[in-house]
>>> print(open('run-v4.cif').read())   # mmCIF, C-alpha atoms
data_protein
#
loop_
_atom_site.label_atom_id
_atom_site.label_comp_id
_atom_site.auth_asym_id
_atom_site.auth_seq_id
_atom_site.Cartn_x
_atom_site.Cartn_y
_atom_site.Cartn_z
CA MET A 1 -35.08 43.97 -49.36
CA ASN A 2 -36.17 41.29 -51.77
CA LYS A 3 -33.55 38.95 -50.31
CA LEU A 4 -34.84 39.58 -46.79
CA ILE A 5 -38.41 38.77 -47.85
CA THR A 6 -37.19 35.58 -49.54
CA TYR A 7 -35.30 34.51 -46.39
CA VAL A 8 -38.32 35.19 -44.17
CA PHE A 9 -40.54 33.26 -46.58
CA ILE A 10 -38.17 30.25 -46.64
CA LEU A 11 -37.87 30.31 -42.86
CA THR A 12 -41.64 30.46 -42.42
CA ILE A 13 -42.20 27.58 -44.84
CA SER A 14 -39.54 25.45 -43.14
CA PHE A 15 -41.10 26.12 -39.72
CA VAL A 16 -44.55 25.15 -41.03
CA LEU A 17 -43.23 22.00 -42.66
CA SER A 18 -41.25 20.93 -39.62
CA GLY A 19 -44.37 21.57 -37.54
CA CYS A 20 -46.34 19.21 -39.77
CA GLU A 21 -43.72 16.48 -39.42
CA SER A 22 -43.13 16.74 -35.70
CA ILE A 23 -44.71 14.21 -33.45
CA ALA A 24 -46.47 15.41 -30.38
CA THR A 25 -44.93 14.27 -27.12
CA SER A 26 -47.24 11.99 -25.22
CA THR A 27 -49.13 13.79 -22.51
CA GLU A 28 -50.40 10.52 -21.09
CA PRO A 29 -48.64 10.39 -17.69
CA ARG A 30 -49.14 6.65 -17.25
CA VAL A 31 -47.17 5.76 -20.38
CA LEU A 32 -43.49 6.36 -20.99
CA VAL A 33 -42.13 5.67 -24.46
CA VAL A 34 -38.47 5.01 -23.71
CA GLY A 35 -36.32 7.22 -25.95
CA GLN A 36 -39.06 9.72 -26.80
CA GLN A 37 -37.46 12.33 -24.55
CA GLN A 38 -34.13 12.17 -26.37
CA TYR A 39 -35.50 12.46 -29.90
CA SER A 40 -37.96 15.12 -31.01
CA LYS A 41 -39.17 12.94 -33.87
CA TYR A 42 -39.34 9.58 -32.14
CA PRO A 43 -41.56 7.43 -34.37
CA TYR A 44 -43.62 5.66 -31.71
CA GLU A 45 -46.23 7.69 -29.91
CA ALA A 46 -48.53 6.65 -27.06
CA LYS A 47 -51.70 8.62 -27.55
CA GLU A 48 -54.04 7.53 -24.76
CA VAL A 49 -54.83 4.97 -22.10
CA VAL A 50 -58.38 3.78 -21.61
CA TYR A 51 -59.05 1.81 -18.47
CA SER A 52 -61.75 0.45 -16.19
CA ILE A 53 -62.15 -1.99 -13.31
CA ASN A 54 -63.72 -5.31 -14.26
CA SER A 55 -66.20 -7.43 -12.29
CA GLY A 56 -63.35 -9.24 -10.53
CA GLY A 57 -61.86 -5.96 -9.29
CA PHE A 58 -58.90 -6.02 -11.70
CA ILE A 59 -57.84 -2.88 -13.58
CA GLU A 60 -58.10 -3.53 -17.32
CA ALA A 61 -56.41 -1.00 -19.58
CA GLN A 62 -55.77 -0.44 -23.24
CA VAL A 63 -52.87 1.65 -24.49
CA ASN A 64 -53.44 3.25 -27.89
CA GLY A 65 -50.65 4.71 -29.94
CA PHE A 66 -49.36 5.40 -33.43
CA ASN A 67 -46.37 4.17 -35.40
CA HIS A 68 -45.15 7.08 -37.54
CA LYS A 69 -42.48 4.92 -39.13
CA HIS A 70 -42.72 3.36 -42.58
CA ASN A 71 -41.70 0.01 -41.14
CA TYR A 72 -43.34 -2.89 -39.38
CA ASN A 73 -41.66 -3.45 -36.05
CA LYS A 74 -42.01 -5.37 -32.85
CA LEU A 75 -41.94 -3.22 -29.73
CA GLU A 76 -42.07 -4.29 -26.11
CA TYR A 77 -43.94 -3.06 -23.04
CA ARG A 78 -43.73 -3.69 -19.36
CA VAL A 79 -46.01 -2.54 -16.57
CA ASP A 80 -45.38 -1.49 -12.99
CA TRP A 81 -48.54 -2.11 -10.96
CA LEU A 82 -48.89 0.05 -7.86
CA ASP A 83 -51.11 -0.23 -4.79
CA SER A 84 -52.95 2.66 -3.13
CA LYS A 85 -49.74 3.67 -1.32
CA GLY A 86 -47.71 3.71 -4.53
CA ILE A 87 -45.85 0.52 -3.63
CA LEU A 88 -45.20 -2.06 -6.35
CA VAL A 89 -47.68 -4.94 -6.28
CA HIS A 90 -45.82 -8.24 -6.18
CA SER A 91 -46.16 -10.15 -9.41
CA ASN A 92 -44.05 -12.83 -11.07
CA ARG A 93 -44.28 -10.76 -14.25
CA HIS A 94 -42.60 -7.73 -12.76
CA ASN A 95 -39.80 -6.49 -15.04
CA GLN A 96 -40.86 -8.81 -17.87
CA TRP A 97 -41.05 -7.21 -21.32
CA THR A 98 -43.91 -8.32 -23.57
CA GLU A 99 -43.74 -8.05 -27.36
CA PHE A 100 -46.42 -6.41 -29.48
CA PRO A 101 -46.53 -5.57 -33.20
CA VAL A 102 -46.68 -2.09 -34.72
CA PHE A 103 -47.59 -1.88 -38.38
CA ARG A 104 -46.23 0.79 -40.71
CA LYS A 105 -47.96 4.15 -40.37
CA GLN A 106 -50.82 2.71 -38.34
CA THR A 107 -52.34 2.91 -34.90
CA PHE A 108 -51.31 0.25 -32.43
CA SER A 109 -52.85 -0.93 -29.20
CA PHE A 110 -52.34 -3.52 -26.54
CA ALA A 111 -54.34 -4.51 -23.49
CA ILE A 112 -53.08 -5.10 -19.97
CA ILE A 113 -54.71 -6.45 -16.83
CA ALA A 114 -53.63 -6.03 -13.21
CA PRO A 115 -52.20 -9.12 -11.51
CA SER A 116 -54.31 -8.48 -8.41
CA PRO A 117 -57.21 -6.30 -7.27
CA LYS A 118 -54.69 -4.67 -4.90
CA ALA A 119 -53.30 -2.76 -7.89
CA THR A 120 -54.94 0.66 -8.06
CA ASP A 121 -52.56 2.43 -10.44
CA PHE A 122 -49.98 1.58 -13.08
CA LYS A 123 -47.15 2.87 -15.21
CA VAL A 124 -46.49 1.47 -18.68
CA TYR A 125 -43.08 1.54 -20.37
CA ILE A 126 -42.73 1.01 -24.14
CA ARG A 127 -39.40 0.40 -25.84
CA ASP A 128 -37.90 -0.61 -29.13
CA PRO A 129 -35.69 -3.57 -28.18
CA LYS A 130 -33.44 -2.87 -31.19
CA GLN A 131 -32.95 0.76 -30.28
CA ASN A 132 -29.47 0.19 -28.91
CA SER A 133 -28.31 -1.86 -31.85
CA TYR A 134 -29.13 0.46 -34.74
CA ASN A 135 -30.00 4.06 -35.32
CA ILE A 136 -33.73 4.48 -35.79
CA TYR A 137 -33.05 7.36 -38.16
CA SER A 138 -30.72 5.33 -40.33
CA THR A 139 -31.36 4.33 -43.93
CA HIS A 140 -33.94 1.86 -42.66
CA GLU A 141 -36.34 4.80 -42.46
CA GLY A 142 -38.89 4.58 -45.24
CA GLU A 143 -38.07 1.05 -46.18
CA VAL A 144 -40.75 -1.58 -46.27
CA GLN A 145 -39.71 -4.82 -44.61
CA MET B 1 13.21 -29.73 -38.55
CA ASN B 2 9.88 -30.45 -40.23
CA LYS B 3 8.82 -32.44 -37.19
CA ILE B 4 9.48 -29.45 -34.95
CA LYS B 5 7.41 -27.20 -37.23
CA LEU B 6 4.59 -29.73 -37.18
CA ALA B 7 4.73 -29.97 -33.38
CA ILE B 8 4.62 -26.15 -33.02
CA LEU B 9 1.70 -25.92 -35.45
CA SER B 10 -0.22 -28.67 -33.64
CA THR B 11 0.37 -27.00 -30.26
CA ALA B 12 -0.79 -23.64 -31.63
CA ILE B 13 -3.98 -25.19 -33.03
CA ILE B 14 -4.74 -26.96 -29.75
CA LEU B 15 -4.09 -23.79 -27.73
CA SER B 16 -6.20 -21.59 -30.02
CA THR B 17 -9.09 -24.09 -29.85
CA GLY B 18 -8.86 -24.08 -26.09
CA CYS B 19 -8.83 -20.29 -25.95
CA SER B 20 -11.92 -19.96 -28.18
CA THR B 21 -14.18 -21.79 -25.73
CA ALA B 22 -17.03 -19.44 -24.84
CA PRO B 23 -16.97 -18.40 -21.22
CA THR B 24 -20.00 -19.17 -19.06
CA LYS B 25 -22.26 -16.19 -18.53
CA ASN B 26 -25.37 -15.59 -16.46
CA ILE B 27 -28.44 -14.71 -18.53
CA ASP B 28 -30.05 -11.41 -17.57
CA MET B 29 -33.60 -12.74 -17.30
CA HIS B 30 -35.05 -9.19 -17.38
CA ASN B 31 -33.31 -8.12 -20.58
CA ASP B 32 -32.43 -11.28 -22.43
CA LYS B 33 -31.69 -10.63 -26.10
CA GLU B 34 -32.69 -14.16 -26.87
CA VAL B 35 -31.17 -16.39 -29.46
CA ALA B 36 -34.06 -18.23 -31.08
CA VAL B 37 -34.05 -21.97 -30.57
CA ARG B 38 -36.11 -24.59 -32.37
CA GLY B 39 -37.13 -26.23 -29.12
CA LEU B 40 -39.10 -24.60 -26.32
CA ASN B 41 -37.23 -22.28 -23.97
CA TYR B 42 -38.22 -20.39 -20.82
CA LYS B 43 -39.50 -17.41 -22.84
CA ASP B 44 -41.98 -19.62 -24.68
CA PHE B 45 -43.40 -20.99 -21.44
CA GLN B 46 -43.48 -17.47 -20.00
CA LYS B 47 -45.43 -16.18 -23.01
CA ALA B 48 -47.92 -19.06 -22.96
CA ALA B 49 -48.48 -18.77 -19.20
CA ASN B 50 -48.86 -14.97 -19.28
CA GLU B 51 -51.40 -15.11 -22.11
CA ALA B 52 -53.39 -17.82 -20.32
CA VAL B 53 -53.47 -15.98 -16.99
CA ASP B 54 -54.39 -12.62 -18.57
CA SER B 55 -57.20 -14.31 -20.48
CA MET B 56 -58.49 -16.05 -17.33
CA LEU B 57 -58.47 -12.81 -15.32
CA ARG B 58 -60.29 -10.98 -18.14
CA SER B 59 -62.92 -13.66 -18.56
CA GLY B 60 -64.13 -13.44 -14.97
CA ALA B 61 -64.11 -17.26 -14.79
CA ILE B 62 -61.95 -17.24 -11.64
CA SER B 63 -63.95 -14.58 -9.81
CA LYS B 64 -66.24 -16.42 -7.41
CA PRO B 65 -69.74 -14.92 -7.24
CA GLY B 66 -70.19 -13.47 -3.76
CA GLY B 67 -66.43 -13.28 -3.16
CA GLY B 68 -63.98 -15.80 -1.74
CA ARG B 69 -61.51 -18.01 -3.55
CA TYR B 70 -61.95 -21.01 -5.81
CA VAL B 71 -59.99 -24.17 -5.04
CA LEU B 72 -58.16 -25.38 -8.13
CA ALA B 73 -56.86 -28.89 -8.78
CA ILE B 74 -54.26 -29.54 -11.47
CA SER B 75 -55.35 -32.27 -13.85
CA ASP B 76 -53.38 -33.77 -16.74
CA ILE B 77 -51.28 -31.47 -18.92
CA VAL B 78 -50.30 -33.76 -21.78
CA ASN B 79 -46.94 -33.30 -23.46
CA ASP B 80 -47.65 -34.18 -27.11
CA THR B 81 -44.35 -32.81 -28.42
CA MET B 82 -41.15 -34.51 -29.51
CA GLN B 83 -39.35 -32.96 -26.56
CA ARG B 84 -38.97 -34.14 -23.03
CA ILE B 85 -40.86 -31.41 -21.21
CA ASP B 86 -41.77 -31.09 -17.58
CA THR B 87 -45.20 -29.50 -17.95
CA ASP B 88 -44.71 -27.80 -14.58
CA GLN B 89 -42.58 -25.28 -16.49
CA LEU B 90 -45.92 -24.00 -17.78
CA VAL B 91 -48.30 -24.93 -14.96
CA LYS B 92 -46.24 -23.52 -12.09
CA LYS B 93 -46.19 -20.07 -13.68
CA ILE B 94 -49.98 -20.17 -14.04
CA ARG B 95 -50.44 -21.39 -10.47
CA VAL B 96 -48.22 -18.67 -9.01
CA ALA B 97 -50.01 -15.94 -10.98
CA LEU B 98 -53.47 -17.24 -10.02
CA LEU B 99 -52.47 -17.40 -6.35
CA GLN B 100 -51.14 -13.83 -6.57
CA SER B 101 -54.49 -12.75 -8.06
CA GLY B 102 -56.13 -13.60 -4.74
CA LYS B 103 -58.97 -15.37 -6.56
CA VAL B 104 -57.70 -18.95 -6.62
CA VAL B 105 -55.92 -21.30 -4.25
CA VAL B 106 -54.46 -24.56 -5.54
CA THR B 107 -54.88 -27.86 -3.71
CA THR B 108 -51.84 -30.11 -3.55
CA ALA B 109 -53.85 -32.91 -1.91
CA VAL B 110 -55.74 -33.86 -5.08
CA ASN B 111 -54.23 -34.35 -8.51
CA ALA B 112 -55.11 -36.41 -11.57
CA LYS B 113 -52.19 -38.72 -10.77
CA GLY B 114 -52.71 -38.80 -6.99
CA ALA B 115 -51.75 -36.21 -4.40
CA GLU B 116 -49.01 -33.80 -5.46
CA ASP B 117 -47.98 -33.45 -1.82
CA LYS B 118 -48.49 -36.83 -0.13
CA MET B 119 -47.79 -35.38 3.30
CA SER B 120 -51.38 -34.17 3.75
CA MET B 121 -52.53 -37.81 3.85
CA SER B 122 -49.39 -39.21 5.54
CA ALA B 123 -49.77 -36.77 8.44
CA ARG B 124 -53.26 -38.17 9.05
CA LYS B 125 -51.78 -41.57 9.77
CA LEU B 126 -50.59 -40.08 13.04
CA ARG B 127 -54.12 -40.25 14.40
CA GLY B 128 -54.08 -42.33 17.55
CA HIS B 129 -50.26 -42.36 17.64
CA GLY B 130 -49.11 -42.15 21.26
CA GLU B 131 -46.02 -40.10 20.44
CA PHE B 132 -47.96 -37.21 18.95
CA ASN B 133 -50.14 -34.67 20.68
CA GLN B 134 -53.47 -35.54 19.08
CA LYS B 135 -54.63 -31.92 19.26
CA THR B 136 -51.94 -31.08 16.70
CA VAL B 137 -52.87 -33.87 14.27
CA ALA B 138 -54.99 -32.81 11.28
CA GLY B 139 -58.64 -33.45 12.04
CA LYS B 140 -61.22 -35.28 9.98
CA GLY B 141 -63.20 -33.35 7.40
CA GLN B 142 -60.75 -30.43 7.24
CA MET B 143 -59.56 -30.80 3.65
CA ILE B 144 -61.23 -28.67 1.00
CA ALA B 145 -62.33 -30.37 -2.22
CA PRO B 146 -61.53 -28.59 -5.49
CA ASP B 147 -64.07 -26.47 -7.37
CA LEU B 148 -62.07 -26.15 -10.58
CA SER B 149 -59.71 -28.30 -12.59
CA LEU B 150 -56.97 -27.15 -14.99
CA SER B 151 -56.14 -29.50 -17.86
CA GLY B 152 -54.42 -29.13 -21.17
CA LYS B 153 -52.05 -30.21 -23.86
CA ILE B 154 -48.88 -29.00 -25.56
CA ILE B 155 -48.82 -30.04 -29.22
CA GLN B 156 -45.94 -29.90 -31.70
CA LYS B 157 -46.29 -29.93 -35.50
CA ASN B 158 -43.30 -30.01 -37.83
CA ILE B 159 -43.90 -28.82 -41.38
CA ARG B 160 -41.24 -28.96 -44.09
CA ILE B 161 -41.24 -25.74 -46.13
CA ASN B 162 -38.62 -26.71 -48.68
CA ARG B 163 -35.51 -28.87 -48.93
CA SER B 164 -33.58 -26.87 -46.39
CA GLU B 165 -36.18 -25.22 -44.17
CA GLU B 166 -38.64 -26.58 -41.65
CA GLN B 167 -41.31 -24.88 -39.55
CA THR B 168 -42.21 -26.02 -36.06
CA GLU B 169 -45.50 -25.01 -34.50
CA TYR B 170 -46.32 -25.33 -30.83
CA TYR B 171 -49.86 -25.20 -29.47
CA PHE B 172 -50.44 -24.59 -25.76
CA GLN B 173 -54.07 -25.54 -25.09
CA LEU B 174 -55.65 -25.18 -21.66
CA SER B 175 -59.12 -25.67 -20.16
CA LEU B 176 -60.56 -24.66 -16.81
CA THR B 177 -63.41 -26.96 -15.84
CA ASP B 178 -66.07 -26.52 -13.17
CA ILE B 179 -65.79 -29.91 -11.43
CA ASN B 180 -69.38 -29.72 -10.17
CA THR B 181 -70.94 -29.37 -13.61
CA GLY B 182 -68.16 -30.65 -15.85
CA LEU B 183 -68.43 -27.52 -17.97
CA ALA B 184 -65.35 -25.69 -19.21
CA LEU B 185 -65.60 -22.14 -17.81
CA TRP B 186 -62.55 -20.94 -19.70
CA GLU B 187 -60.41 -22.20 -22.58
CA GLY B 188 -57.33 -20.75 -24.13
CA GLU B 189 -54.75 -21.43 -26.80
CA THR B 190 -51.36 -19.86 -27.52
CA VAL B 191 -49.61 -20.71 -30.78
CA LEU B 192 -45.88 -20.24 -31.27
CA GLY B 193 -44.05 -20.78 -34.55
CA LYS B 194 -40.36 -21.29 -35.22
CA LYS B 195 -38.54 -21.64 -38.51
CA GLY B 196 -35.08 -23.02 -39.11
CA SER B 197 -32.83 -25.32 -41.01
CA GLY B 198 -34.23 -28.77 -41.69
CA ASP B 199 -31.03 -30.14 -40.22
CA SER B 200 -31.55 -28.51 -36.85
CA VAL B 201 -33.65 -30.53 -34.46
CA SER B 202 -36.56 -29.44 -32.30
CA TRP B 203 -36.18 -31.92 -29.48
#
>>> encode(input="run-v4.cif", output="structure tokens")
Amino acid sequence: MNKLITYVFILTISFVLSGCESIATSTEPRVLVVGQQQYSKYPYEAKEVVYSINSGGFIEAQVNGFNHKHNYNKLEYRVDWLDSKGILVHSNRHNQWTEFPVFRKQTFSFAIIAPSPKATDFKVYIRDPKQNSYNIYSTHEGEVQ
Amino acid sequence: MNKIKLAILSTAIILSTGCSTAPTKNIDMHNDKEVAVRGLNYKDFQKAANEAVDSMLRSGAISKPGGGRYVLAISDIVNDTMQRIDTDQLVKKIRVALLQSGKVVVTTAVNAKGAEDKMSMSARKLRGHGEFNQKTVAGKGQMIAPDLSLSGKIIQKNIRINRSEEQTEYYFQLSLTDINTGLALWEGETVLGKKGSGDSVSW
């Protein structure tokens, strides 16, 4: 009986601890953190998107997120701008990735602006460009660069 | 016998050198894992142009009060670097993006160094020419004078860090001037830094 209580206690504690460590999946539909779906504890989280339309009719947006990693890193984003019919708005920056810094265990943000007033909606993609070349859960975790 | 050995060895060296030549590859411009270079490459111009355009769109400087489009003339973009740069690598990207914004149209009939496209004026020499239908010849007073002017400078600074390392800084400075008043409505600067061996060159 005592053993059973001990097991239940250990299990409960481990569930609580893992709950504290887990990173909430972004519910912001306009932002996709590439790789977040595959890993439950992906270190880069997009928390919210704040946006408005400026005096020129361009959508201006700011993506806010958090870097749960103990490392400084450079991530990249790209934006698909869509018109009222959901068709991509032509831009010479389409498919271009733009770098931005994320500091260890800190919030990050970057601002975007539509290429044309025709853009009425957008989808932002964030990626770690090094993701394919090393395991993000490798021994680099916790190191200060 | 030794001569034969030497000949075989020489042939093997020549063949292996030939085989090690890197094959030509197309760069995937959308996913280029760049190799940093001391000089300026297309990514540097892309970054400087994107930052300038985003800043212009944010500032509202290119949104004409009451609607419509501004006419932009390209003035001097000075290359103050040690490299031979065609400044159109920067300016063309800005022009394309501004045109796509729907807020600006660029004139090719007026430029700091004369008309960029001389045909606008050459075609007017057909006035009174018997071989041309005069109704199709560009009329007088049809050209639109520019409202705005884009000028700037690309600066390079080389700083020696120690015996073996050198830092190169590039400054992309741009100004958008209201031609009517002479006032700069927008100004922007992008700074890029590169570090490398003092032996490698940045031109």
>>> closest_residue(input="run-v4.cif", among="A:Ala46, A:Gln36, A:Asn71, A:Val89", to="chain B", atoms="all atoms listed in the file")
A:Val89
>>> interface_residues(input="run-v4.cif", of="chain A", to="chain B", cutoff="6 Å", atoms="only C-alpha atoms", output="list of chain:residue names")
A:Gly56, A:Asn95, A:Gln96, A:Pro115, A:Ser116
>>> closest_residue(input="run-v4.cif", among="B:Ser197, B:Asn180, B:Gln142, B:Thr136", to="Asn162 (chain B)", atoms="all atoms listed in the file")
B:Ser197
>>> residues_around(input="run-v4.cif", residues="Glu48 (chain A)", least_positions_apart="5", cutoff="7 Å", atoms="all atoms listed in the file", output="ChimeraX atom specification")
/A:28,63-65
>>> residues_around(input="run-v4.cif", residues="Gln134 (chain B)", least_positions_apart="6", cutoff="12 Å", atoms="all atoms listed in the file", output="PyMOL selection string")
chain B and resi 123-128+140
>>> closest_residue(input="run-v4.cif", among="B:Thr87, B:Leu148, B:Gly130, B:Ala138", to="Thr107 (chain B)", atoms="all atoms listed in the file")
B:Leu148
>>> resolve_selection(input="run-v4.cif", expression="the PyMOL selection byres ((chain B and resi 173) around 6)", output="ChimeraX atom specification")
/B:152-153,172,174,188-189
>>> write_last_selection(input="run-v4.cif", atoms="C-alpha atoms", output="short mmCIF file (atom, residue, chain, number, x, y, z; two decimals), in the coordinates of the input")
data_model
loop_
_atom_site.label_atom_id
_atom_site.label_comp_id
_atom_site.auth_asym_id
_atom_site.auth_seq_id
_atom_site.Cartn_x
_atom_site.Cartn_y
_atom_site.Cartn_z
CA GLY B 152 -54.42 -29.13 -21.17
CA LYS B 153 -52.05 -30.21 -23.86
CA PHE B 172 -50.44 -24.59 -25.76
CA LEU B 174 -55.65 -25.18 -21.66
CA GLY B 188 -57.33 -20.75 -24.13
CA GLU B 189 -54.75 -21.43 -26.80
#
>>> residues_around(input="run-v4.cif", residues="Ser149 (chain B)", least_positions_apart="2", cutoff="7 Å", atoms="all atoms listed in the file", output="NGL selection string")
:B and (72-75 or 151 or 176-179)
>>> atom_distance(input="run-v4.cif", atom1="CA of Lys118 (chain A)", atom2="CA of Ser91 (chain A)")
11.1 Å
>>> atom_distance(input="run-v4.cif", atom1="CA of Tyr42 (chain A)", atom2="CA of Lys69 (chain A)")
9.0 Å
>>> resolve_selection(input="run-v4.cif", expression="the PyMOL selection byres ((chain A and resi 78) around 9)", output="PyMOL selection string")
chain A and resi 76-77+79-80+93-98+123-127
>>> resolve_selection(input="run-v4.cif", expression="the PyMOL selection byres ((chain B and resi 145) around 9)", output="list in words")
Val71, Leu72, Ala73, Thr107, Ala109, Val110, Met143, Ile144, Pro146 and Asp147 of chain B
>>> closest_residue(input="run-v4.cif", among="B:Gln89, B:Thr190, B:Lys118, B:Asn111", to="Phe45 (chain B)", atoms="only C-alpha atoms")
B:Gln89
>>> atom_distance(input="run-v4.cif", atom1="CA of Tyr170 (chain B)", atom2="CA of Asp128 (chain A)")
26.2 Å
